Amino acid sequence: SVSEAAQLDGVNLLQETFHITLPLIYPTISILVVTNLIGFFTGQLNLFTFYMHQAPDEYQTIGYYIYAQVYSASGSIRELPRLSAIGLVCTFVCVPLVLTVKKLMEKYGPKFE
């Protein structure tokens, strides 16, 4: 394996971590960063399951707010256009930001041959 070959060449644990292990798992790290960034805008963190409509203000996210409002407005369509507009604004902010972060991670990440 790559780790065993590096150890035979005299690499210590810190060098192995930064020069072998992290570059090999970089694609996984970049996927986690991108999906967590998306979740920042859309995730409701299962708050609705725990609190229903009474989640404390410091825990509320944009995703929770939209989900809770749509759930409570299930019989009325009066609120849906406003909630759709909030969702579109989040999309217009989130998509360019996520694509930019993805491109930066691809550009500055380790290169494989």
# chains A, B, ... in the order shown; residues from 1 in each chain; ligands from 1

$ residues_around --residues "region 18-34 of chain A" --least-positions-apart "2" --cutoff "7 Å" --atoms "only C-alpha atoms" --output "number ranges by chain"
A: 14-16, 36-38, 98, 102, 105, 110

$ residues_around --residues "region 80-97 of chain A" --least-positions-apart "4" --cutoff "10 Å" --atoms "only C-alpha atoms" --output "number ranges by chain"
A: 34, 37-42, 62-63, 65-67, 69-70, 73-74, 76, 101-103

$ select_by_dssp --residues "region 66-100 of chain A" --states "alpha helix (DSSP H)" --output "compact mmCIF listing (two decimals) with all heavy atoms, in the first residue's frame"
# COMPACT_ATOMS: atom_id res chain seq x y z
N ILE A 66 -39.09 27.97 6.19
CA ILE A 66 -39.92 27.68 5.00
C ILE A 66 -40.76 26.42 5.24
O ILE A 66 -41.95 26.40 4.95
CB ILE A 66 -39.03 27.54 3.75
CG1 ILE A 66 -38.40 28.88 3.39
CG2 ILE A 66 -39.84 27.01 2.57
CD1 ILE A 66 -37.37 28.80 2.30
N TYR A 67 -40.13 25.38 5.76
CA TYR A 67 -40.85 24.12 5.99
C TYR A 67 -41.99 24.32 6.98
O TYR A 67 -43.11 23.86 6.75
CB TYR A 67 -39.87 23.07 6.51
CG TYR A 67 -40.49 21.69 6.63
CD1 TYR A 67 -40.55 20.86 5.52
CD2 TYR A 67 -41.01 21.25 7.83
CE1 TYR A 67 -41.12 19.60 5.61
CE2 TYR A 67 -41.58 19.99 7.94
CZ TYR A 67 -41.62 19.18 6.83
OH TYR A 67 -42.19 17.93 6.93
N ALA A 68 -41.73 25.02 8.07
CA ALA A 68 -42.76 25.24 9.09
C ALA A 68 -43.90 26.08 8.54
O ALA A 68 -45.07 25.81 8.82
CB ALA A 68 -42.16 25.90 10.33
N GLN A 69 -43.58 27.09 7.74
CA GLN A 69 -44.62 27.94 7.18
C GLN A 69 -45.47 27.19 6.15
O GLN A 69 -46.69 27.35 6.11
CB GLN A 69 -44.01 29.20 6.54
CG GLN A 69 -43.37 30.13 7.54
CD GLN A 69 -44.39 30.69 8.50
OE1 GLN A 69 -45.48 31.09 8.13
NE2 GLN A 69 -44.02 30.72 9.76
N VAL A 70 -44.84 26.39 5.32
CA VAL A 70 -45.59 25.61 4.33
C VAL A 70 -46.47 24.58 5.04
O VAL A 70 -47.62 24.38 4.68
CB VAL A 70 -44.64 24.93 3.32
CG1 VAL A 70 -45.38 23.90 2.49
CG2 VAL A 70 -44.00 25.97 2.43
N TYR A 71 -45.93 23.95 6.07
CA TYR A 71 -46.69 22.95 6.82
C TYR A 71 -47.90 23.58 7.49
O TYR A 71 -48.99 23.02 7.47
CB TYR A 71 -45.78 22.30 7.87
CG TYR A 71 -46.44 21.18 8.62
CD1 TYR A 71 -46.51 19.91 8.07
CD2 TYR A 71 -46.98 21.39 9.88
CE1 TYR A 71 -47.10 18.87 8.76
CE2 TYR A 71 -47.58 20.36 10.58
CZ TYR A 71 -47.64 19.10 10.02
OH TYR A 71 -48.23 18.08 10.70
N SER A 72 -47.72 24.76 8.06
CA SER A 72 -48.85 25.40 8.74
C SER A 72 -49.84 26.03 7.76
O SER A 72 -50.99 26.24 8.10
CB SER A 72 -48.35 26.47 9.72
OG SER A 72 -47.75 27.54 9.01
N LEU A 80 -48.02 30.89 0.23
CA LEU A 80 -47.14 30.14 -0.65
C LEU A 80 -46.35 30.99 -1.64
O LEU A 80 -45.17 30.70 -1.87
CB LEU A 80 -47.93 29.05 -1.37
CG LEU A 80 -48.51 27.97 -0.44
CD1 LEU A 80 -49.23 26.92 -1.25
CD2 LEU A 80 -47.44 27.35 0.42
N PRO A 81 -46.90 32.05 -2.25
CA PRO A 81 -46.07 32.87 -3.15
C PRO A 81 -44.88 33.52 -2.43
O PRO A 81 -43.77 33.55 -2.96
CB PRO A 81 -47.03 33.93 -3.67
CG PRO A 81 -48.37 33.30 -3.58
CD PRO A 81 -48.32 32.44 -2.35
N ARG A 82 -45.09 34.00 -1.20
CA ARG A 82 -44.00 34.62 -0.44
C ARG A 82 -42.93 33.57 -0.10
O ARG A 82 -41.73 33.83 -0.23
CB ARG A 82 -44.54 35.26 0.84
CG ARG A 82 -43.48 35.95 1.68
CD ARG A 82 -44.09 36.61 2.90
NE ARG A 82 -44.70 35.66 3.80
CZ ARG A 82 -44.05 34.99 4.76
NH1 ARG A 82 -42.77 35.17 4.92
NH2 ARG A 82 -44.70 34.14 5.54
N LEU A 83 -43.37 32.39 0.30
CA LEU A 83 -42.43 31.33 0.64
C LEU A 83 -41.67 30.85 -0.60
O LEU A 83 -40.48 30.53 -0.53
CB LEU A 83 -43.16 30.18 1.32
CG LEU A 83 -43.79 30.54 2.67
CD1 LEU A 83 -44.67 29.40 3.15
CD2 LEU A 83 -42.74 30.89 3.68
N SER A 84 -42.36 30.82 -1.73
CA SER A 84 -41.69 30.45 -2.99
C SER A 84 -40.64 31.49 -3.36
O SER A 84 -39.54 31.13 -3.82
CB SER A 84 -42.70 30.34 -4.12
OG SER A 84 -43.60 29.31 -3.87
N ALA A 85 -40.95 32.76 -3.15
CA ALA A 85 -39.98 33.82 -3.42
C ALA A 85 -38.76 33.70 -2.52
O ALA A 85 -37.62 33.89 -2.97
CB ALA A 85 -40.62 35.19 -3.26
N ILE A 86 -38.97 33.37 -1.25
CA ILE A 86 -37.84 33.17 -0.33
C ILE A 86 -36.99 32.00 -0.81
O ILE A 86 -35.75 32.08 -0.82
CB ILE A 86 -38.35 32.92 1.11
CG1 ILE A 86 -38.99 34.18 1.67
CG2 ILE A 86 -37.22 32.47 2.02
CD1 ILE A 86 -39.70 33.98 2.99
N GLY A 87 -37.62 30.92 -1.25
CA GLY A 87 -36.89 29.78 -1.77
C GLY A 87 -36.09 30.12 -3.02
O GLY A 87 -34.95 29.69 -3.18
N LEU A 88 -36.68 30.92 -3.91
CA LEU A 88 -35.96 31.33 -5.13
C LEU A 88 -34.77 32.23 -4.80
O LEU A 88 -33.70 32.09 -5.40
CB LEU A 88 -36.91 32.04 -6.09
CG LEU A 88 -37.87 31.13 -6.85
CD1 LEU A 88 -38.87 31.95 -7.66
CD2 LEU A 88 -37.10 30.20 -7.76
N VAL A 89 -34.95 33.16 -3.87
CA VAL A 89 -33.84 34.03 -3.47
C VAL A 89 -32.71 33.20 -2.87
O VAL A 89 -31.53 33.41 -3.18
CB VAL A 89 -34.32 35.12 -2.49
CG1 VAL A 89 -33.15 35.84 -1.85
CG2 VAL A 89 -35.22 36.11 -3.20
N CYS A 90 -33.06 32.23 -2.03
CA CYS A 90 -32.03 31.34 -1.47
C CYS A 90 -31.32 30.57 -2.58
O CYS A 90 -30.11 30.38 -2.53
CB CYS A 90 -32.66 30.37 -0.47
SG CYS A 90 -33.07 31.12 1.09
N THR A 91 -32.07 30.14 -3.58
CA THR A 91 -31.47 29.43 -4.70
C THR A 91 -30.53 30.33 -5.48
O THR A 91 -29.42 29.92 -5.84
CB THR A 91 -32.56 28.88 -5.63
OG1 THR A 91 -33.40 28.00 -4.88
CG2 THR A 91 -31.98 28.14 -6.81
N PHE A 92 -30.94 31.57 -5.74
CA PHE A 92 -30.10 32.51 -6.49
C PHE A 92 -28.83 32.87 -5.73
O PHE A 92 -27.82 33.21 -6.33
CB PHE A 92 -30.87 33.78 -6.85
CG PHE A 92 -31.94 33.56 -7.87
CD1 PHE A 92 -33.15 34.22 -7.78
CD2 PHE A 92 -31.76 32.68 -8.93
CE1 PHE A 92 -34.15 34.02 -8.72
CE2 PHE A 92 -32.75 32.47 -9.88
CZ PHE A 92 -33.94 33.15 -9.77
N VAL A 93 -28.86 32.80 -4.41
CA VAL A 93 -27.67 33.05 -3.61
C VAL A 93 -26.84 31.78 -3.49
O VAL A 93 -25.61 31.80 -3.62
CB VAL A 93 -28.05 33.58 -2.21
CG1 VAL A 93 -26.85 33.63 -1.29
CG2 VAL A 93 -28.70 34.95 -2.33
N CYS A 94 -27.50 30.67 -3.26
CA CYS A 94 -26.83 29.41 -2.95
C CYS A 94 -26.11 28.81 -4.16
O CYS A 94 -24.96 28.37 -4.03
CB CYS A 94 -27.85 28.42 -2.40
SG CYS A 94 -27.19 26.83 -1.94
N VAL A 95 -26.73 28.79 -5.31
CA VAL A 95 -26.16 28.10 -6.47
C VAL A 95 -24.84 28.73 -6.92
O VAL A 95 -23.84 28.01 -7.06
CB VAL A 95 -27.19 28.03 -7.63
CG1 VAL A 95 -26.53 27.59 -8.92
CG2 VAL A 95 -28.32 27.09 -7.26
N PRO A 96 -24.76 30.05 -7.12
CA PRO A 96 -23.45 30.60 -7.51
C PRO A 96 -22.38 30.42 -6.43
O PRO A 96 -21.22 30.14 -6.75
CB PRO A 96 -23.72 32.09 -7.73
CG PRO A 96 -25.18 32.21 -7.92
CD PRO A 96 -25.80 31.08 -7.16
N LEU A 97 -22.78 30.54 -5.17
CA LEU A 97 -21.83 30.36 -4.08
C LEU A 97 -21.29 28.93 -4.04
O LEU A 97 -20.07 28.71 -3.94
CB LEU A 97 -22.50 30.73 -2.76
CG LEU A 97 -21.63 30.65 -1.52
CD1 LEU A 97 -20.51 31.68 -1.59
CD2 LEU A 97 -22.47 30.89 -0.29
N VAL A 98 -22.17 27.97 -4.16
CA VAL A 98 -21.76 26.57 -4.13
C VAL A 98 -20.89 26.23 -5.34
O VAL A 98 -19.86 25.55 -5.21
CB VAL A 98 -22.99 25.64 -4.05
CG1 VAL A 98 -22.62 24.20 -4.32
CG2 VAL A 98 -23.65 25.77 -2.70
N LEU A 99 -21.28 26.69 -6.52
CA LEU A 99 -20.48 26.42 -7.71
C LEU A 99 -19.11 27.08 -7.64
O LEU A 99 -18.11 26.50 -8.07
CB LEU A 99 -21.23 26.87 -8.97
CG LEU A 99 -22.47 26.04 -9.32
CD1 LEU A 99 -23.18 26.63 -10.54
CD2 LEU A 99 -22.11 24.59 -9.55
N THR A 100 -19.04 28.28 -7.06
CA THR A 100 -17.75 28.95 -6.89
C THR A 100 -16.85 28.19 -5.92
O THR A 100 -15.66 27.98 -6.20
CB THR A 100 -17.97 30.39 -6.39
OG1 THR A 100 -18.78 31.10 -7.32
CG2 THR A 100 -16.65 31.12 -6.21
